[in-house]
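Next comes work38.cif, with mmCIF, C-alpha atoms.
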data_start
#
loop_
_atom_site.label_atom_id
_atom_site.label_comp_id
_atom_site.auth_asym_id
_atom_site.auth_seq_id
_atom_site.Cartn_x
_atom_site.Cartn_y
_atom_site.Cartn_z
CA MET A 21 -12.41 -17.25 17.21
CA PRO A 22 -12.34 -16.06 20.83
CA THR A 23 -8.89 -15.51 22.28
CA PRO A 24 -7.87 -18.64 24.24
CA PRO A 25 -6.65 -18.12 27.79
CA ASN A 26 -2.89 -17.98 28.20
CA ASN A 27 -2.73 -21.40 29.82
CA GLU A 28 -4.82 -23.08 27.10
CA GLN A 29 -3.01 -26.12 25.74
CA PHE A 30 -2.77 -27.09 22.06
CA VAL A 31 -1.63 -30.27 20.41
CA GLY A 32 0.87 -29.64 17.61
CA ILE A 33 1.81 -32.11 14.93
CA SER A 34 4.99 -31.80 12.86
CA ALA A 35 4.45 -30.62 9.27
CA ALA A 36 6.10 -33.86 8.16
CA GLN A 37 3.29 -35.90 9.70
CA ASP A 38 -0.16 -36.49 8.21
CA LEU A 39 -2.87 -34.86 10.25
CA ASN A 40 -5.38 -37.67 10.06
CA GLU A 41 -6.70 -38.56 13.44
CA LYS A 42 -10.11 -40.11 14.11
CA ALA A 43 -10.36 -40.09 17.87
CA SER A 44 -7.68 -42.72 17.82
CA ARG A 45 -5.77 -44.04 20.79
CA LEU A 46 -2.56 -43.15 18.97
CA THR A 47 -0.15 -41.23 21.12
CA ASN A 48 3.49 -41.02 20.15
CA ASP A 49 6.66 -39.02 20.66
CA LYS A 50 6.01 -36.79 17.61
CA ARG A 51 3.47 -34.85 19.62
CA GLN A 52 4.37 -31.76 21.58
CA ILE A 53 2.33 -29.65 23.91
CA TYR A 54 2.59 -25.87 23.79
CA THR A 55 0.72 -22.96 25.29
CA TYR A 56 -0.85 -19.90 23.69
CA SER A 57 2.13 -17.85 24.93
CA ASP A 58 4.40 -20.21 23.00
CA LEU A 59 2.32 -19.57 19.89
CA LEU A 60 2.59 -15.80 20.27
CA SER A 61 6.33 -15.90 20.83
CA GLY A 62 6.68 -17.70 17.51
CA SER A 63 4.86 -15.04 15.47
CA THR A 64 7.86 -12.98 14.43
CA GLY A 65 6.84 -12.42 10.81
CA ALA A 66 8.95 -12.83 7.72
CA THR A 67 12.45 -14.11 8.48
CA THR A 68 13.54 -15.50 5.11
CA LEU A 69 14.09 -12.71 2.61
CA GLU A 70 14.81 -13.05 -1.10
CA THR A 71 17.00 -10.58 -2.97
CA GLY A 72 15.58 -8.52 -5.83
CA THR A 73 16.97 -6.56 -8.75
CA SER A 74 17.24 -3.27 -6.81
CA LEU A 75 19.47 -4.89 -4.16
CA GLN A 76 16.47 -5.08 -1.85
CA SER A 77 15.77 -8.20 0.19
CA ALA A 78 12.15 -8.88 1.06
CA GLY A 79 9.57 -11.47 2.05
CA ILE A 80 6.19 -11.98 3.70
CA GLN A 81 4.84 -14.38 6.29
CA LYS A 82 1.38 -15.10 7.61
CA LEU A 83 0.86 -14.07 11.23
CA ALA A 84 -1.22 -15.78 13.86
CA GLY A 85 -3.55 -12.85 14.45
CA VAL A 86 -7.08 -12.88 12.98
CA TYR A 87 -9.05 -9.63 13.04
CA THR A 88 -12.81 -9.17 12.93
CA VAL A 89 -13.81 -5.69 11.80
CA GLY A 90 -17.46 -4.85 11.25
CA GLY A 91 -18.33 -8.54 11.04
CA VAL A 92 -15.67 -9.20 8.37
CA GLN A 93 -12.76 -11.47 9.26
CA TYR A 94 -9.23 -10.71 8.16
CA ASP A 95 -5.98 -12.68 8.12
CA SER A 96 -2.79 -10.82 9.00
CA TYR A 97 0.60 -10.90 7.30
CA ASN A 98 4.01 -9.36 7.85
CA LEU A 99 6.14 -7.78 5.09
CA LYS A 100 9.82 -7.13 5.63
CA CYS A 101 12.34 -5.49 3.32
CA TRP A 102 15.92 -4.33 3.74
CA ALA A 103 17.11 -1.90 1.09
CA PRO A 104 19.92 0.58 0.51
CA LEU A 105 18.82 4.04 -0.66
CA ARG A 106 22.02 4.84 -2.56
CA PRO A 107 23.80 6.56 -4.29
CA GLU A 108 22.83 9.81 -2.64
CA ASN A 109 20.09 11.73 -4.38
CA THR A 110 17.25 14.09 -3.57
CA ALA A 111 14.70 11.36 -4.39
CA HIS A 112 14.66 7.59 -3.96
CA VAL A 113 11.99 5.12 -5.06
CA ILE A 114 12.88 1.51 -4.26
CA PRO A 115 10.55 -1.27 -5.42
CA ILE A 116 9.99 -3.80 -2.63
CA GLY A 117 7.88 -6.21 -4.69
CA SER A 118 4.23 -6.94 -5.35
CA ILE A 119 1.49 -8.35 -3.13
CA GLU A 120 -1.34 -10.01 -5.04
CA VAL A 121 -4.43 -11.18 -3.19
CA GLY A 122 -7.17 -13.41 -4.52
CA ALA A 123 -9.88 -10.92 -3.59
CA GLY A 124 -10.39 -7.81 -1.53
CA ASN A 125 -8.28 -4.87 -0.49
CA ILE A 126 -5.27 -5.01 1.81
CA PHE A 127 -4.89 -2.64 4.73
CA PHE A 128 -1.61 -1.83 6.47
CA ILE A 129 -2.20 -1.80 10.22
CA ASN A 130 1.28 -1.59 11.67
CA ASN A 131 4.57 0.04 10.69
CA ARG A 132 7.77 -0.61 12.61
CA SER A 133 10.13 0.43 9.81
CA ASN A 134 13.56 1.78 10.64
CA VAL A 135 16.04 4.06 8.85
CA GLU A 136 19.75 3.68 9.47
CA ALA A 137 22.36 6.32 8.63
CA VAL A 138 26.06 6.72 9.36
CA ASP A 139 27.23 9.48 11.67
CA PHE A 140 30.96 8.74 11.75
CA ASN A 141 31.96 12.40 11.46
CA GLY A 142 29.12 13.66 13.63
CA PHE A 143 28.47 12.25 17.08
CA GLY A 144 29.74 8.86 15.95
CA GLY A 145 28.31 5.49 15.04
CA TYR A 146 25.01 4.84 13.29
CA THR A 147 21.64 6.51 13.78
CA ASN A 148 18.39 4.53 13.80
CA SER A 149 15.05 6.30 13.58
CA PRO A 150 11.48 5.52 12.52
CA ILE A 151 10.68 5.93 8.84
CA ASN A 152 9.05 9.36 8.48
CA VAL A 153 9.85 13.01 7.97
CA GLY A 154 12.61 13.70 10.49
CA ALA A 155 14.28 10.32 10.04
CA MET A 156 18.06 10.65 10.22
CA VAL A 157 19.89 10.22 6.89
CA ASP A 158 23.44 10.92 5.78
CA ASP A 159 25.48 11.97 2.76
CA LEU A 160 29.11 11.84 1.66
CA SER A 161 30.07 13.89 4.72
CA ASP A 162 29.17 10.90 6.93
CA VAL A 163 27.30 13.27 9.20
CA ALA A 164 23.70 12.25 9.92
CA ARG A 165 20.96 14.85 9.65
CA PRO A 166 17.16 14.65 9.72
CA ILE A 167 15.04 14.62 6.57
CA SER A 168 13.65 18.15 6.49
CA SER A 169 10.03 19.00 7.11
CA ALA A 170 9.76 19.66 3.36
CA GLY A 171 10.79 16.08 2.64
CA LEU A 172 9.05 12.70 2.43
CA PHE A 173 9.76 9.22 3.75
CA TYR A 174 7.08 6.53 3.60
CA ILE A 175 6.05 3.08 2.40
CA ASN A 176 3.94 3.33 -0.75
CA GLN A 177 1.16 0.90 -1.70
CA GLU A 178 0.43 1.62 -5.35
CA ASN A 179 -1.89 0.38 -8.11
CA ILE A 180 -0.36 -0.29 -11.53
CA PRO A 181 -2.36 1.49 -14.30
CA THR A 182 -3.59 -1.61 -16.14
CA PHE A 183 -3.44 -4.20 -13.35
CA PRO A 184 -6.38 -5.28 -11.17
CA VAL A 185 -7.16 -3.71 -7.81
CA THR A 186 -5.90 -6.87 -6.12
CA PHE A 187 -2.33 -6.20 -7.38
CA ASN A 188 -0.42 -4.01 -4.95
CA ALA A 189 3.01 -2.69 -5.92
CA MET A 190 5.05 -1.77 -2.86
CA TYR A 191 7.77 0.91 -2.81
CA ILE A 192 9.97 2.78 -0.35
CA VAL A 193 9.68 6.48 -1.21
CA ALA A 194 11.96 9.19 0.17
CA ALA A 195 12.81 12.72 -0.94
CA ASP A 196 14.37 15.87 0.43
CA THR A 197 15.69 19.20 -0.80
CA LEU A 198 19.31 18.08 -0.37
CA PRO A 199 20.82 14.80 -1.57
CA PHE A 200 20.96 11.99 0.97
CA GLU A 201 21.46 8.27 1.41
CA CYS A 202 20.59 5.68 4.06
CA ASP A 203 19.42 2.12 4.56
CA ALA A 204 15.75 1.31 5.15
CA TYR A 205 14.45 -1.68 7.11
CA VAL A 206 10.76 -2.11 6.35
CA ASP A 207 8.67 -4.08 8.84
CA VAL A 208 4.91 -3.70 8.30
CA ASP A 209 1.82 -5.80 9.00
CA PHE A 210 -1.21 -5.90 6.73
CA ILE A 211 -4.60 -7.57 6.81
CA CYS A 212 -6.62 -9.05 3.98
CA GLN A 213 -9.88 -10.95 3.52
CA GLN A 214 -9.75 -14.18 5.52
CA GLY A 215 -8.84 -17.23 3.48
CA THR A 216 -7.93 -15.39 0.29
CA SER A 217 -4.69 -16.24 -1.48
CA VAL A 218 -1.71 -13.93 -0.89
CA GLU A 219 1.28 -13.99 -3.23
CA PHE A 220 4.42 -11.90 -2.80
CA THR A 221 6.76 -11.50 -5.74
CA ILE A 222 10.12 -9.83 -5.30
CA LEU A 223 11.02 -7.81 -8.36
CA MET B 16 -34.66 11.15 0.97
CA PRO B 17 -31.73 9.84 3.01
CA GLU B 18 -28.35 9.69 1.34
CA THR B 19 -27.74 6.56 -0.71
CA VAL B 20 -24.30 4.97 -0.68
CA LEU B 21 -23.47 2.50 -3.41
CA GLN B 22 -20.17 0.69 -3.67
CA VAL B 23 -18.32 0.53 -6.98
CA THR B 24 -16.40 -2.74 -7.03
CA ASP B 25 -14.71 -5.25 -9.30
CA GLU B 26 -16.72 -8.32 -10.30
CA ALA B 27 -15.58 -10.16 -7.16
CA GLY B 28 -16.81 -7.37 -4.91
CA THR B 29 -13.51 -5.63 -4.10
CA LEU B 30 -14.05 -1.91 -3.55
CA LEU B 31 -12.30 0.13 -6.26
CA THR B 32 -11.01 2.81 -3.92
CA PRO B 33 -8.48 4.45 -6.32
CA LEU B 34 -10.98 4.61 -9.24
CA GLN B 35 -11.31 7.90 -11.11
CA ALA B 36 -14.91 7.91 -12.38
CA THR B 37 -18.13 9.87 -12.60
CA PHE B 38 -21.70 8.70 -12.20
CA GLU B 39 -25.09 9.66 -13.59
CA VAL B 40 -28.50 8.57 -12.29
CA ASP B 41 -31.49 8.50 -14.66
CA TYR B 42 -35.16 7.80 -13.88
CA GLN B 43 -37.45 6.38 -16.54
CA PHE B 44 -41.02 7.33 -15.70
CA VAL B 45 -43.93 5.30 -17.06
CA GLY B 46 -45.21 6.91 -20.26
CA ASP B 47 -42.08 8.98 -20.92
CA ALA B 48 -40.13 8.42 -24.12
CA GLU B 49 -36.70 9.02 -22.61
CA PRO B 50 -35.17 8.69 -19.14
CA THR B 51 -34.59 11.88 -17.17
CA MET B 52 -31.22 12.57 -15.59
CA VAL B 53 -31.73 13.38 -11.92
CA LEU B 54 -28.21 13.20 -10.47
CA GLU B 55 -24.57 13.26 -11.47
CA GLY B 56 -21.28 13.51 -9.65
CA ASP B 57 -17.91 11.96 -8.94
CA VAL B 58 -17.30 8.47 -7.61
CA GLN B 59 -15.25 9.15 -4.52
CA ARG B 60 -12.95 6.43 -3.19
CA GLY B 61 -15.11 3.76 -4.74
CA LEU B 62 -18.38 5.15 -3.40
CA ILE B 63 -21.40 6.84 -4.93
CA GLN B 64 -22.84 9.04 -2.20
CA ALA B 65 -25.88 11.11 -3.12
CA ASP B 66 -29.42 12.01 -2.14
CA PHE B 67 -31.45 10.12 -4.72
CA PRO B 68 -34.60 12.23 -5.28
CA GLU B 69 -38.01 10.68 -4.61
CA PRO B 70 -39.63 9.80 -7.99
CA VAL B 71 -42.36 12.34 -8.84
CA ARG B 72 -44.35 9.81 -10.87
CA GLU B 73 -44.58 6.06 -11.33
CA LEU B 74 -41.10 4.72 -11.96
CA GLN B 75 -40.51 2.23 -14.76
CA PHE B 76 -36.86 1.86 -13.86
CA SER B 77 -33.88 3.75 -12.51
CA GLU B 78 -30.38 3.38 -13.88
CA VAL B 79 -26.93 4.24 -12.59
CA LYS B 80 -24.21 4.89 -15.18
CA VAL B 81 -20.58 4.81 -14.07
CA ARG B 82 -18.07 6.26 -16.52
CA THR B 83 -14.39 5.65 -15.79
CA ASP B 84 -11.89 8.40 -16.57
CA SER B 85 -8.87 7.66 -18.70
CA ILE B 86 -6.15 9.93 -17.36
CA PRO B 87 -2.70 9.50 -18.92
CA GLY B 88 -0.60 7.58 -16.43
CA GLY B 89 -3.61 7.06 -14.16
CA TRP B 90 -5.22 3.82 -13.07
CA ASP B 91 -7.32 2.61 -15.99
CA ALA B 92 -8.06 -1.07 -15.43
CA TYR B 93 -11.87 -1.11 -15.31
CA ALA B 94 -14.55 -0.23 -17.89
CA GLY B 95 -17.70 1.77 -17.22
CA LYS B 96 -21.10 0.17 -16.73
CA THR B 97 -24.82 0.97 -16.56
CA MET B 98 -26.99 -0.87 -14.06
CA VAL B 99 -30.77 -0.83 -14.35
CA PHE B 100 -33.11 -1.30 -11.38
CA GLU B 101 -36.59 -2.24 -12.58
CA GLY B 102 -39.39 -0.39 -10.82
CA ARG B 103 -37.26 0.88 -7.95
CA LEU B 104 -34.31 2.91 -6.81
CA PRO B 105 -30.96 1.26 -6.03
CA SER B 106 -30.47 0.33 -2.41
CA ALA B 107 -27.30 -0.73 -0.64
CA SER B 108 -29.42 -2.46 2.00
CA LYS B 109 -30.75 -4.75 -0.76
CA GLY B 110 -27.17 -5.62 -1.68
CA ASP B 111 -26.98 -3.34 -4.71
CA SER B 112 -23.52 -2.32 -5.89
CA ILE B 113 -22.00 -1.44 -9.24
CA LYS B 114 -19.63 -4.21 -10.36
CA LEU B 115 -17.35 -2.96 -13.11
CA PRO B 116 -15.84 -5.29 -15.73
CA PHE B 117 -12.05 -5.59 -15.82
CA LYS B 118 -10.48 -4.33 -19.04
CA GLY B 119 -6.81 -4.34 -18.06
CA VAL B 120 -4.13 -6.99 -18.02
CA ILE B 121 -3.68 -9.75 -15.46
CA PRO B 122 0.06 -10.26 -15.16
CA THR B 123 1.08 -13.88 -15.39
CA THR B 124 4.87 -13.77 -15.38
CA THR B 125 7.38 -12.27 -12.97
CA GLU B 126 8.92 -10.36 -15.89
CA GLU B 127 5.57 -8.68 -16.67
CA LYS B 128 5.24 -7.64 -13.05
CA ARG B 129 8.84 -6.45 -12.87
CA VAL B 130 8.54 -4.30 -16.00
CA ALA B 131 5.25 -2.76 -14.81
CA VAL B 132 6.49 -2.06 -11.28
CA GLN B 133 9.79 -0.60 -12.56
CA SER B 134 7.93 1.55 -15.10
CA ARG B 135 5.70 2.98 -12.37
CA ARG B 136 8.79 3.48 -10.20
CA VAL B 137 10.35 5.67 -12.89
CA GLU B 138 7.15 7.74 -13.12
CA ILE B 139 7.08 8.30 -9.35
CA LEU B 140 10.81 9.10 -9.28
CA ASN B 141 10.52 11.62 -12.12
CA SER B 142 7.61 13.33 -10.35
CA LEU B 143 9.66 13.54 -7.16
CA LEU B 144 12.72 14.91 -8.98
CA GLN B 145 10.60 17.72 -10.44
CA ARG B 146 9.67 18.75 -6.92
CA TYR B 147 13.05 17.90 -5.38
CA PRO B 148 15.57 18.65 -8.17
CA ASN B 149 19.02 17.25 -7.65
CA ASN B 150 21.03 20.36 -8.46
CA ALA B 151 22.14 20.91 -4.89
CA GLN B 152 25.36 18.94 -5.27
CA GLN B 153 26.94 21.74 -7.33
CA THR B 154 26.22 24.45 -4.77
CA VAL B 155 26.28 22.73 -1.38
CA PRO B 156 29.50 21.28 -0.04
CA ASN B 157 29.31 17.62 0.83
CA LEU B 158 32.37 17.39 3.01
CA PRO B 159 33.15 19.55 6.05
CA GLY B 160 36.52 20.43 4.49
CA ASP B 161 34.79 22.00 1.52
CA ILE B 162 32.95 24.61 3.56
CA ASP B 163 35.80 27.14 3.49
CA GLN B 164 36.09 26.79 -0.27
CA ALA B 165 32.38 27.43 -0.64
CA LEU B 166 32.46 30.64 1.36
CA PRO B 167 33.75 34.01 0.06
CA GLY B 168 37.39 34.48 1.06
CA ASN B 169 36.96 37.41 3.48
CA LEU B 170 34.42 35.48 5.59
CA GLY B 171 37.13 33.05 6.53
CA GLU B 172 39.44 35.68 8.09
CA ASP B 173 39.74 36.17 11.84
CA VAL B 174 38.01 39.31 13.09
CA PRO B 175 39.21 40.80 16.41
CA LEU B 176 36.56 41.13 19.07
CA PRO B 177 35.73 44.71 20.12
#
This structure in structure tokens:
Amino acid sequence: MPTPPNNEQFVGISAAQDLNEKASRLTNDKRQIYTYSDLLSGSTGATTLETGTSLQSAGIQKLAGVYTVGGVQYDSYNLKCWAPLRPENTAHVIPIGSIEVGAGNIFFINNRSNVEAVDFNGFGGYTNSPINVGAMVDDLSDVARPISSAGLFYINQENIPTFPVTFNAMYIVAADTLPFECDAYVDVDFICQQGTSVEFTIL
Amino acid sequence: MPETVLQVTDEAGTLLTPLQATFEVDYQFVGDAEPTMVLEGDVQRGLIQADFPEPVRELQFSEVKVRTDSIPGGWDAYAGKTMVFEGRLPSASKGDSIKLPFKGVIPTTTEEKRVAVQSRRVEILNSLLQRYPNNAQQTVPNLPGDIDQALPGNLGEDVPLP
């Protein structure tokens, strides 16, 4: 679908109303007019997160964006997860949940994930940095320090040995040579074959 | 002969990117008793990429055999398969691909998914702990106040400047 101009107008109907209109003369107060900018401002991604067995909270939501790559059309989704990486250890693997699609692969196209650590006995307050090597973490000293260049910090999309290719287990993975702890706030977008089913299960 | 690229997919056409597998290509020439192997190699990220040789004689059929590897702890959800192309070579432009049958388990309950995801989590964690052993807590002080205790006594004394 071509991108509508910013001043294009749409007619929205409440989800509680049947969308069954045959060029009728019906016009009532349930209708509202909104612009394409209004639509974009509403695409914030997942905002309702469930809590799982590893104290993680996570959820997905379909986004408005549709991508066409090499003639193939893709729907886009947002995955969010908040998780504590505690107690301190040299390695953390936190299961976020699973994403099962009806068909096709999923591709992660955006990563806005954040790592928060305490720095009460350092420069004070909390540190917030992008998830990656170099992200600030802390330990029992309450002094934040960066994950060393020998460490790891990433979002893992993994296949389970006996499950189909359409089952994607999602983890937060972090490791370093010295023990550490922190909180991770995952915020990633992925695309999948247009129209296929997408099911997120928090585990 | 230009390089041929064939996709190895599930039966619905999803590319099996993480698949560990090998392939073999055989040509059966008219009049021969047995097919002749002309190519073999690894399936790489779900793709068979190879220069399929031009048949030297009249071709009865060509066949592509994909054999999946069973590596302990590895992804092992699809069975191998042989595809036969009568009188021709396989061609991606004709829509040819190798669709492997599923031999694994389709999880139906949340508990099945939870157990499988947690089991894989433990495997990943154990691999990480081998590379990043957690023995540092005994030798590295965690609190600033512990630093003096961790250092040899004479390093803590004041030394007059020259």
Practice problem: Output as a VMD selection string the set of chain A residues within 10 Å of chain B, with distances taken over all atoms listed in the file. | Solution: chain A and resid 72 to 74 108 to 118 122 to 125 141 159 to 163 170 to 172 178 to 199 213 221 to 223
Practice problem: To verify the selection step, state as a ChimeraX atom specification which residues the PyMOL selection byres ((chain A and resi 204) around 7) yields on this input. | Solution: /A:102-104,134-136,202-203,205-206
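Here the PyMOL selection byres ((chain B and resi 73) around 10) catches exactly these residues: Tyr42, Gln43, Phe44, Val45, Gly46, Pro70, Val71, Arg72, Leu74, Gln75, Phe76, Gly102 and Arg103 of chain B.
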Quiz item: Just how far from atom CA of B:Glu101 is atom CA of B:Glu69, in Å to one decimal?
Solution: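 Separating atom CA of B:Glu69 from atom CA of B:Glu101 is a distance of 15.2 Å.
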Exercise. List, as a list in words, every residue that the PyMOL selection byres ((chain A and resi 212) around 9) selects in the file provided.
Key: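 Checked against the file, the PyMOL selection byres ((chain A and resi 212) around 9) matches Gln93, Tyr94, Asp95, Ser96, Tyr97, Val121, Ala123, Gly124, Asn125, Ile126, Phe127, Phe210, Ile211, Gln213, Gln214, Gly215, Thr216 and Val218 of chain A.
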Quiz item: To one decimal place, how far is atom CA of A:Phe200 from atom CA of A:Asn176 in Å?
Solution: 19.2 Å
Quiz item: How far is it from atom CA of B:Val58 to atom CA of A:Glu120, in Å with one decimal?
Solution: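 Interatomic distance here is 24.6 Å.
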Exercise. Do a neighbour search on stretch 144-146 of chain A at 10 Å with all atoms listed in the file, toss out local chain neighbours closer than 4 positions, and write the hits as a PyMOL selection string.
Key: chain A and resi 136-140+156-158+162-164
